[in-house]
$ cat data_15.csv   # CSV, C-alpha atoms
chain,number,residue,atom,x,y,z
A,1,MET,CA,16.5,-78.9,-22.6
A,2,THR,CA,14.9,-76.1,-24.6
A,3,ASP,CA,18.1,-75.1,-26.3
A,4,GLY,CA,18.9,-78.8,-26.9
A,5,ASN,CA,15.7,-79.3,-28.7
A,6,TYR,CA,16.3,-76.3,-31.0
A,7,GLU,CA,19.8,-77.5,-31.6
A,8,LEU,CA,18.5,-80.9,-32.5
A,9,LEU,CA,16.0,-79.4,-34.8
A,10,SER,CA,18.8,-77.4,-36.4
A,11,ALA,CA,20.9,-80.5,-36.9
A,12,GLY,CA,18.1,-82.2,-38.7
A,13,LEU,CA,17.5,-79.2,-40.9
A,14,ILE,CA,21.2,-78.8,-41.7
A,15,ALA,CA,21.3,-82.5,-42.7
A,16,THR,CA,18.5,-81.8,-45.2
A,17,GLY,CA,20.1,-78.6,-46.6
A,18,ARG,CA,17.5,-76.3,-45.0
A,19,TYR,CA,20.1,-73.8,-43.8
A,20,ARG,CA,18.0,-70.7,-43.3
A,21,GLU,CA,15.5,-72.6,-41.1
A,22,ALA,CA,18.4,-74.2,-39.2
A,23,GLU,CA,19.8,-70.7,-38.5
A,24,ARG,CA,16.4,-69.5,-37.3
A,25,SER,CA,16.2,-72.4,-35.0
A,26,ILE,CA,19.5,-71.6,-33.3
A,27,ARG,CA,18.7,-67.9,-33.1
A,28,ARG,CA,15.4,-68.8,-31.4
A,29,ALA,CA,17.3,-70.9,-28.8
A,30,MET,CA,19.5,-68.0,-28.0
A,31,GLU,CA,16.5,-65.7,-27.7
A,32,ILE,CA,14.9,-68.0,-25.2
A,33,GLN,CA,18.2,-68.6,-23.3
A,34,PRO,CA,20.4,-65.5,-23.8
A,35,SER,CA,23.1,-67.0,-21.6
A,36,ILE,CA,24.0,-69.5,-24.3
A,37,ASN,CA,26.4,-68.6,-27.1
A,38,ARG,CA,25.8,-70.6,-30.3
A,39,HIS,CA,27.2,-68.1,-32.8
A,40,ASP,CA,29.7,-70.8,-33.8
A,41,ILE,CA,26.8,-73.1,-34.9
A,42,ILE,CA,25.3,-70.2,-36.9
A,43,ALA,CA,28.6,-69.4,-38.5
A,44,GLY,CA,29.0,-73.1,-39.4
A,45,ILE,CA,25.5,-73.1,-41.0
A,46,MET,CA,26.4,-70.0,-43.0
A,47,LEU,CA,29.6,-71.6,-44.2
A,48,GLN,CA,27.7,-74.6,-45.5
A,49,ASP,CA,25.2,-72.2,-47.1
A,50,LYS,CA,28.1,-70.5,-48.9
A,51,ARG,CA,27.8,-67.2,-47.0
A,52,PRO,CA,31.4,-66.9,-45.7
A,53,GLN,CA,31.4,-63.1,-45.2
A,54,GLU,CA,28.3,-63.4,-42.9
A,55,ALA,CA,30.0,-66.4,-41.2
A,56,MET,CA,33.0,-64.2,-40.4
A,57,VAL,CA,30.8,-61.6,-38.8
A,58,GLU,CA,29.0,-64.2,-36.8
A,59,GLY,CA,32.2,-66.0,-35.8
A,60,ALA,CA,33.5,-62.7,-34.3
A,61,LEU,CA,30.7,-63.1,-31.7
A,62,VAL,CA,32.1,-66.4,-30.4
A,63,THR,CA,33.6,-66.0,-27.0
A,64,ASP,CA,35.3,-69.3,-26.4
A,65,ASP,CA,38.9,-69.3,-27.7
A,66,ASP,CA,38.9,-73.0,-28.7
A,67,ILE,CA,35.6,-72.8,-30.5
A,68,ARG,CA,36.8,-69.7,-32.4
A,69,ALA,CA,40.1,-71.6,-33.2
A,70,TYR,CA,38.0,-74.4,-34.7
A,71,LEU,CA,36.0,-72.1,-36.9
A,72,LEU,CA,38.9,-70.1,-38.3
A,73,PRO,CA,40.3,-72.7,-40.8
A,74,SER,CA,37.0,-73.1,-42.5
A,75,MET,CA,36.1,-69.4,-42.5
A,76,TYR,CA,39.5,-68.5,-44.0
A,77,PHE,CA,39.2,-71.3,-46.5
A,78,ALA,CA,35.7,-70.3,-47.6
A,79,LEU,CA,37.0,-66.7,-48.1
A,80,GLY,CA,39.8,-67.9,-50.3
A,81,ARG,CA,42.4,-66.9,-47.8
A,82,HIS,CA,44.2,-70.3,-48.1
A,83,GLU,CA,47.5,-69.4,-46.4
A,84,GLU,CA,45.7,-68.2,-43.3
A,85,ALA,CA,43.4,-71.3,-43.5
A,86,ASN,CA,46.4,-73.6,-43.6
A,87,ALA,CA,48.1,-71.9,-40.7
A,88,ALA,CA,45.0,-71.9,-38.6
A,89,LEU,CA,44.4,-75.6,-39.4
A,90,SER,CA,47.9,-76.6,-38.5
A,91,MET,CA,47.7,-74.7,-35.3
A,92,TYR,CA,44.4,-76.3,-34.4
A,93,GLU,CA,45.8,-79.8,-35.2
A,94,ARG,CA,48.8,-79.3,-33.0
A,95,LYS,CA,46.7,-78.1,-30.1
A,96,HIS,CA,43.6,-80.3,-30.4
A,97,GLY,CA,44.6,-83.2,-32.5
A,98,ASP,CA,44.7,-85.6,-29.6
A,99,GLN,CA,41.2,-84.7,-28.5
A,100,ASN,CA,39.2,-83.6,-31.4
A,101,ALA,CA,40.2,-85.8,-34.3
A,102,ALA,CA,36.7,-86.2,-35.7
A,103,GLY,CA,36.3,-82.4,-35.7
A,104,ILE,CA,39.6,-82.1,-37.7
A,105,ALA,CA,38.3,-84.7,-40.2
A,106,TRP,CA,35.3,-82.5,-40.7
A,107,LEU,CA,37.6,-79.5,-41.4
A,108,TYR,CA,39.4,-81.5,-44.1
A,109,ALA,CA,36.1,-82.6,-45.6
A,110,PHE,CA,35.0,-79.0,-45.8
A,111,ARG,CA,38.1,-78.3,-47.9
A,112,GLY,CA,37.4,-81.3,-50.1
A,113,GLU,CA,40.4,-83.2,-48.8
A,114,LYS,CA,38.7,-86.6,-48.3
A,115,ASP,CA,41.9,-88.6,-47.9
A,116,ARG,CA,43.1,-86.5,-45.0
A,117,ALA,CA,39.6,-86.6,-43.6
A,118,PHE,CA,39.6,-90.3,-43.5
A,119,GLN,CA,43.0,-90.4,-41.9
A,120,TRP,CA,41.7,-88.2,-39.1
A,121,PHE,CA,38.6,-90.4,-38.7
A,122,ASP,CA,41.0,-93.3,-38.1
A,123,HIS,CA,42.5,-91.3,-35.3
A,124,ALA,CA,39.0,-90.4,-34.0
A,125,TYR,CA,38.1,-94.1,-33.9
A,126,THR,CA,41.0,-94.9,-31.7
A,127,GLN,CA,40.1,-92.0,-29.5
A,128,HIS,CA,36.5,-93.2,-29.2
A,129,ASP,CA,35.5,-89.8,-30.3
A,130,GLY,CA,31.9,-89.0,-29.4
A,131,ASP,CA,31.6,-86.6,-32.3
A,132,PHE,CA,31.1,-89.6,-34.6
A,133,ARG,CA,27.5,-88.9,-33.8
A,134,PHE,CA,27.7,-86.2,-36.5
A,135,ILE,CA,29.1,-88.4,-39.2
A,136,LYS,CA,25.9,-89.1,-41.1
A,137,GLY,CA,24.4,-85.7,-40.5
A,138,ALA,CA,27.4,-83.6,-41.3
A,139,PHE,CA,30.2,-85.5,-42.9
A,140,GLU,CA,28.1,-87.5,-45.3
A,141,HIS,CA,26.3,-84.4,-46.4
A,142,LEU,CA,29.4,-82.3,-46.7
A,143,ALA,CA,31.8,-84.6,-48.4
A,144,ASN,CA,29.3,-86.5,-50.6
A,145,SER,CA,30.8,-89.8,-49.3
A,146,ARG,CA,28.0,-92.2,-49.6
A,147,GLN,CA,29.6,-94.1,-52.5
A,148,ASP,CA,33.1,-94.1,-50.9
A,149,PRO,CA,34.1,-97.6,-49.7
A,150,ARG,CA,36.1,-96.1,-46.9
A,151,TYR,CA,33.0,-94.4,-45.6
A,152,THR,CA,31.0,-97.6,-45.8
A,153,ALA,CA,33.7,-99.4,-43.9
A,154,LEU,CA,33.8,-96.7,-41.2
A,155,LEU,CA,30.0,-96.9,-40.7
A,156,ARG,CA,30.3,-100.7,-40.3
A,157,LYS,CA,33.0,-100.2,-37.7
A,158,LEU,CA,30.8,-97.8,-35.8
A,159,ASN,CA,27.8,-100.2,-36.1
A,160,LEU,CA,25.9,-97.4,-37.9
A,161,PRO,CA,23.4,-98.2,-40.7
A,162,GLU,CA,24.6,-97.7,-44.2
B,1,MET,CA,33.9,-91.3,-18.4
B,2,ALA,CA,37.6,-91.7,-19.0
B,3,ASN,CA,37.3,-89.3,-21.9
B,4,ALA,CA,35.7,-86.7,-19.6
B,5,GLN,CA,38.6,-86.9,-17.2
B,6,ARG,CA,41.1,-86.7,-20.0
B,7,VAL,CA,39.5,-83.8,-21.8
B,8,GLY,CA,38.7,-81.9,-18.6
B,9,LYS,CA,36.6,-78.7,-18.5
B,10,ARG,CA,38.9,-76.3,-20.1
B,11,SER,CA,36.4,-74.8,-22.4
B,12,GLU,CA,32.9,-74.9,-23.7
B,13,HIS,CA,34.4,-76.5,-26.9
B,14,TYR,CA,35.2,-79.6,-24.9
B,15,GLU,CA,32.3,-79.5,-22.5
B,16,ARG,CA,30.0,-79.9,-25.5
B,17,LYS,CA,32.0,-82.8,-26.7
B,18,VAL,CA,32.1,-84.6,-23.4
B,19,ARG,CA,28.4,-84.3,-23.1
B,20,PHE,CA,28.0,-87.1,-25.7
B,21,GLN,CA,31.3,-88.9,-25.1
B,22,ALA,CA,30.4,-92.2,-23.6
B,23,VAL,CA,31.3,-95.0,-26.0
B,24,ILE,CA,30.4,-98.7,-25.6
B,25,PRO,CA,33.1,-101.3,-26.2
B,26,ASP,CA,32.1,-102.4,-29.6
B,27,GLY,CA,32.6,-98.9,-31.0
B,28,CYS,CA,29.0,-98.1,-31.3
B,29,LEU,CA,28.0,-94.8,-29.8
B,30,ALA,CA,25.5,-95.0,-27.0
B,31,GLY,CA,26.4,-91.8,-25.2
B,32,VAL,CA,24.1,-89.7,-27.3
B,33,ALA,CA,21.7,-90.1,-24.4
B,34,ARG,CA,23.9,-89.0,-21.5
B,35,GLN,CA,21.1,-89.3,-19.2
B,36,ARG,CA,20.2,-92.8,-20.3
B,37,PRO,CA,23.2,-94.7,-21.7
B,38,ILE,CA,22.4,-98.2,-22.9
B,39,PRO,CA,25.7,-100.1,-22.8
B,40,GLY,CA,26.1,-103.1,-25.0
B,41,ARG,CA,23.2,-102.4,-27.3
B,42,SER,CA,23.2,-101.0,-30.8
B,43,LEU,CA,21.8,-97.5,-31.5
B,44,THR,CA,19.1,-99.1,-33.5
B,45,ASP,CA,18.0,-101.2,-30.6
B,46,ALA,CA,18.3,-98.1,-28.3
B,47,ALA,CA,16.1,-96.1,-30.6
B,48,GLN,CA,13.5,-98.9,-30.7
B,49,SER,CA,13.4,-99.1,-26.9
B,50,LEU,CA,12.3,-95.5,-26.5
B,51,ASP,CA,8.8,-94.2,-26.8
B,52,PRO,CA,8.7,-91.3,-29.3
B,53,SER,CA,5.5,-90.0,-27.7
B,54,ASP,CA,7.1,-89.6,-24.3
B,55,ILE,CA,8.1,-86.0,-23.7
B,56,ASN,CA,10.9,-87.1,-21.4
B,57,THR,CA,12.6,-89.1,-24.1
B,58,LEU,CA,11.8,-87.1,-27.2
B,59,ASN,CA,15.1,-85.3,-27.3
B,60,ILE,CA,17.0,-88.6,-26.7
B,61,TRP,CA,14.9,-90.4,-29.3
B,62,GLY,CA,15.4,-87.5,-31.8
B,63,THR,CA,19.1,-87.5,-31.2
B,64,LEU,CA,19.4,-91.2,-31.8
B,65,ALA,CA,17.4,-90.7,-35.0
B,66,TYR,CA,19.9,-88.1,-36.0
B,67,VAL,CA,22.9,-90.4,-35.4
B,68,LEU,CA,21.2,-93.1,-37.4
B,69,GLY,CA,20.6,-90.7,-40.3
B,70,ARG,CA,16.8,-90.6,-40.0
B,71,TRP,CA,16.3,-86.9,-40.7
B,72,SER,CA,12.6,-86.5,-40.9
B,73,GLU,CA,12.2,-88.4,-37.6
B,74,THR,CA,14.9,-86.1,-36.1
B,75,ILE,CA,13.0,-83.0,-37.1
B,76,ASP,CA,9.7,-84.4,-36.1
B,77,ALA,CA,10.9,-85.3,-32.6
B,78,ALA,CA,12.6,-81.9,-32.1
B,79,GLN,CA,9.5,-80.0,-33.2
B,80,LYS,CA,7.3,-82.0,-31.0
B,81,ALA,CA,9.6,-81.5,-28.0
B,82,ILE,CA,9.7,-77.8,-28.6
B,83,ASN,CA,5.9,-77.6,-28.9
B,84,LEU,CA,5.4,-79.6,-25.8
B,85,ASP,CA,7.9,-77.5,-23.9
B,86,ARG,CA,6.0,-74.3,-24.5
$ encode --input "data_15.csv" --output "structure tokens"
Amino acid sequence: MTDGNYELLSAGLIATGRYREAERSIRRAMEIQPSINRHDIIAGIMLQDKRPQEAMVEGALVTDDDIRAYLLPSMYFALGRHEEANAALSMYERKHGDQNAAGIAWLYAFRGEKDRAFQWFDHAYTQHDGDFRFIKGAFEHLANSRQDPRYTALLRKLNLPE
Amino acid sequence: MANAQRVGKRSEHYERKVRFQAVIPDGCLAGVARQRPIPGRSLTDAAQSLDPSDINTLNIWGTLAYVLGRWSETIDAAQKAINLDR
């Protein structure tokens, strides 16, 4: 559970914009349990902290193909490599759209495309996507959605507090 | 567990997702506590039913706090669990 506690701490810190502390927390978890690979979480933190070059380096340490495929659209986008970002996102959608709709919504939110993000959240709802657990901690923070009536409606559907 | 069967174990990407995948019928997530799903109850009720001073439920309690958007409680629970785990 040790790594889970550090990941939980990191999630809370990310939600409050304390990115450097969040990164330290994940690195500490990997020190304690060298067998776990959480470079994708660190790369994600760096992206939100507007450090895309560092995120690219960290992302190269990810060993899981699907996790790396999930990171690529945002890393390319943050680096201004939009054609590659679009291609990577399209590929991810084709391969994982029926299983990770909430994750794809997050990718669109990262690009500032809220309409597409909400379309994917609709898919995620029909899929009973467990990643809705991140909606307040990641999406709300990322997409500045608190005033968006679609966001409020989604929270109500999920029985989450507004 | 239908989602677990559908997703399978093809990669860590999905194993992490499945870890929290249980969803109760009204659409409210309860599977945040895989070890202790509380079907039919809201997350708020679930959070209130856990003792935040109990080391065995701290991570679950902190996770529920995170899902509910209660950041300071999330951080407090995680830090307390880390300290107690040392």
$ closest_residue --input "data_15.csv" --among "B:Leu84, B:Ala78, B:Thr57, B:Arg70" --to "chain A" --atoms "only C-alpha atoms"
B:Ala78
$ residues_around --input "data_15.csv" --residues "segment 117-129 of chain A" --least-positions-apart "2" --cutoff "8 Å" --atoms "all atoms listed in the file" --output "JSON, numbers by chain"
{"A": [98, 99, 100, 101, 102, 104, 105, 106, 107, 108, 109, 113, 114, 115, 131, 132, 150], "B": [21, 23, 27]}
$ atom_distance --input "data_15.csv" --atom1 "atom CA of Phe77 of chain A" --atom2 "atom CA of Arg111 of chain A"
7.2 Å
$ closest_atom_pairs --input "data_15.csv" --of "chain A" --to "chain B" --cutoff "8 Å" --atoms "all atoms listed in the file" --output "tab-separated table"
residue	atom	partner	partner_atom	distance
A:Thr2	CA	B:Ile82	CA	6.8
A:Gly4	CA	B:Asn59	CA	7.5
A:Asn5	CA	B:Ala78	CA	5.3
A:Tyr6	CA	B:Ala78	CA	6.8
A:Leu8	CA	B:Ala78	CA	6.0
A:Leu9	CA	B:Ala78	CA	5.0
A:Ala11	CA	B:Tyr66	CA	7.7
A:Gly12	CA	B:Ile75	CA	5.4
A:Leu13	CA	B:Ile75	CA	7.0
A:Ala15	CA	B:Trp71	CA	7.0
A:Thr16	CA	B:Trp71	CA	7.1
A:Asp64	CA	B:Glu12	CA	6.7
A:Asp66	CA	B:His13	CA	6.0
A:Ile67	CA	B:His13	CA	5.3
A:Gln99	CA	B:Val7	CA	7.0
A:Tyr125	CA	B:Gly27	CA	7.9
A:His128	CA	B:Val23	CA	6.4
A:Asp129	CA	B:Gln21	CA	6.7
A:Gly130	CA	B:Gln21	CA	4.3
A:Asp131	CA	B:Lys17	CA	6.8
A:Phe132	CA	B:Leu29	CA	7.7
A:Arg133	CA	B:Val67	CA	5.1
A:Phe134	CA	B:Val67	CA	6.5
A:Ile135	CA	B:Val67	CA	7.5
A:Lys136	CA	B:Gly69	CA	5.6
A:Gly137	CA	B:Gly69	CA	6.3
A:Lys157	CA	B:Gly27	CA	6.8
A:Leu158	CA	B:Cys28	CA	4.9
A:Asn159	CA	B:Cys28	CA	5.4
A:Leu160	CA	B:Leu68	CA	6.4
A:Pro161	CA	B:Leu68	CA	6.5
$ write_last_selection --input "data_15.csv" --atoms "C-alpha atoms" --output "tab-separated table (two decimals), in the coordinates of the input"
chain	number	residue	atom	x	y	z
A	2	THR	CA	14.90	-76.10	-24.60
A	4	GLY	CA	18.90	-78.80	-26.90
A	5	ASN	CA	15.70	-79.30	-28.70
A	6	TYR	CA	16.30	-76.30	-31.00
A	8	LEU	CA	18.50	-80.90	-32.50
A	9	LEU	CA	16.00	-79.40	-34.80
A	11	ALA	CA	20.90	-80.50	-36.90
A	12	GLY	CA	18.10	-82.20	-38.70
A	13	LEU	CA	17.50	-79.20	-40.90
A	15	ALA	CA	21.30	-82.50	-42.70
A	16	THR	CA	18.50	-81.80	-45.20
A	64	ASP	CA	35.30	-69.30	-26.40
A	66	ASP	CA	38.90	-73.00	-28.70
A	67	ILE	CA	35.60	-72.80	-30.50
A	99	GLN	CA	41.20	-84.70	-28.50
A	125	TYR	CA	38.10	-94.10	-33.90
A	128	HIS	CA	36.50	-93.20	-29.20
A	129	ASP	CA	35.50	-89.80	-30.30
A	130	GLY	CA	31.90	-89.00	-29.40
A	131	ASP	CA	31.60	-86.60	-32.30
A	132	PHE	CA	31.10	-89.60	-34.60
A	133	ARG	CA	27.50	-88.90	-33.80
A	134	PHE	CA	27.70	-86.20	-36.50
A	135	ILE	CA	29.10	-88.40	-39.20
A	136	LYS	CA	25.90	-89.10	-41.10
A	137	GLY	CA	24.40	-85.70	-40.50
A	157	LYS	CA	33.00	-100.20	-37.70
A	158	LEU	CA	30.80	-97.80	-35.80
A	159	ASN	CA	27.80	-100.20	-36.10
A	160	LEU	CA	25.90	-97.40	-37.90
A	161	PRO	CA	23.40	-98.20	-40.70
$ atom_distance --input "data_15.csv" --atom1 "atom CA of Ser10 of chain A" --atom2 "atom CA of Leu47 of chain A"
14.5 Å
$ atom_distance --input "data_15.csv" --atom1 "atom CA of Arg116 of chain A" --atom2 "atom CA of Glu93 of chain A"
12.2 Å
$ closest_residue --input "data_15.csv" --among "A:Leu142, A:Pro34, A:Gln48, A:Gln53" --to "Gly80 of chain A" --atoms "all atoms listed in the file"
A:Gln53
$ closest_residue --input "data_15.csv" --among "A:Glu162, A:Ile36, A:Leu79, A:Glu23" --to "Arg146 of chain A" --atoms "only C-alpha atoms"
A:Glu162
$ residues_around --input "data_15.csv" --residues "Ile45 of chain A" --least-positions-apart "6" --cutoff "12 Å" --atoms "all atoms listed in the file" --output "VMD selection string"
chain A and resid 7 10 to 27 38 to 39 51 to 52 54 to 56 58 to 59 71 74 to 75 138 142
$ write_last_selection --input "data_15.csv" --atoms "C-alpha atoms" --output "short mmCIF file (atom, residue, chain, number, x, y, z; two decimals), in the coordinates of the input"
data_model
loop_
_atom_site.label_atom_id
_atom_site.label_comp_id
_atom_site.auth_asym_id
_atom_site.auth_seq_id
_atom_site.Cartn_x
_atom_site.Cartn_y
_atom_site.Cartn_z
CA GLU A 7 19.80 -77.50 -31.60
CA SER A 10 18.80 -77.40 -36.40
CA ALA A 11 20.90 -80.50 -36.90
CA GLY A 12 18.10 -82.20 -38.70
CA LEU A 13 17.50 -79.20 -40.90
CA ILE A 14 21.20 -78.80 -41.70
CA ALA A 15 21.30 -82.50 -42.70
CA THR A 16 18.50 -81.80 -45.20
CA GLY A 17 20.10 -78.60 -46.60
CA ARG A 18 17.50 -76.30 -45.00
CA TYR A 19 20.10 -73.80 -43.80
CA ARG A 20 18.00 -70.70 -43.30
CA GLU A 21 15.50 -72.60 -41.10
CA ALA A 22 18.40 -74.20 -39.20
CA GLU A 23 19.80 -70.70 -38.50
CA ARG A 24 16.40 -69.50 -37.30
CA SER A 25 16.20 -72.40 -35.00
CA ILE A 26 19.50 -71.60 -33.30
CA ARG A 27 18.70 -67.90 -33.10
CA ARG A 38 25.80 -70.60 -30.30
CA HIS A 39 27.20 -68.10 -32.80
CA ARG A 51 27.80 -67.20 -47.00
CA PRO A 52 31.40 -66.90 -45.70
CA GLU A 54 28.30 -63.40 -42.90
CA ALA A 55 30.00 -66.40 -41.20
CA MET A 56 33.00 -64.20 -40.40
CA GLU A 58 29.00 -64.20 -36.80
CA GLY A 59 32.20 -66.00 -35.80
CA LEU A 71 36.00 -72.10 -36.90
CA SER A 74 37.00 -73.10 -42.50
CA MET A 75 36.10 -69.40 -42.50
CA ALA A 138 27.40 -83.60 -41.30
CA LEU A 142 29.40 -82.30 -46.70
#
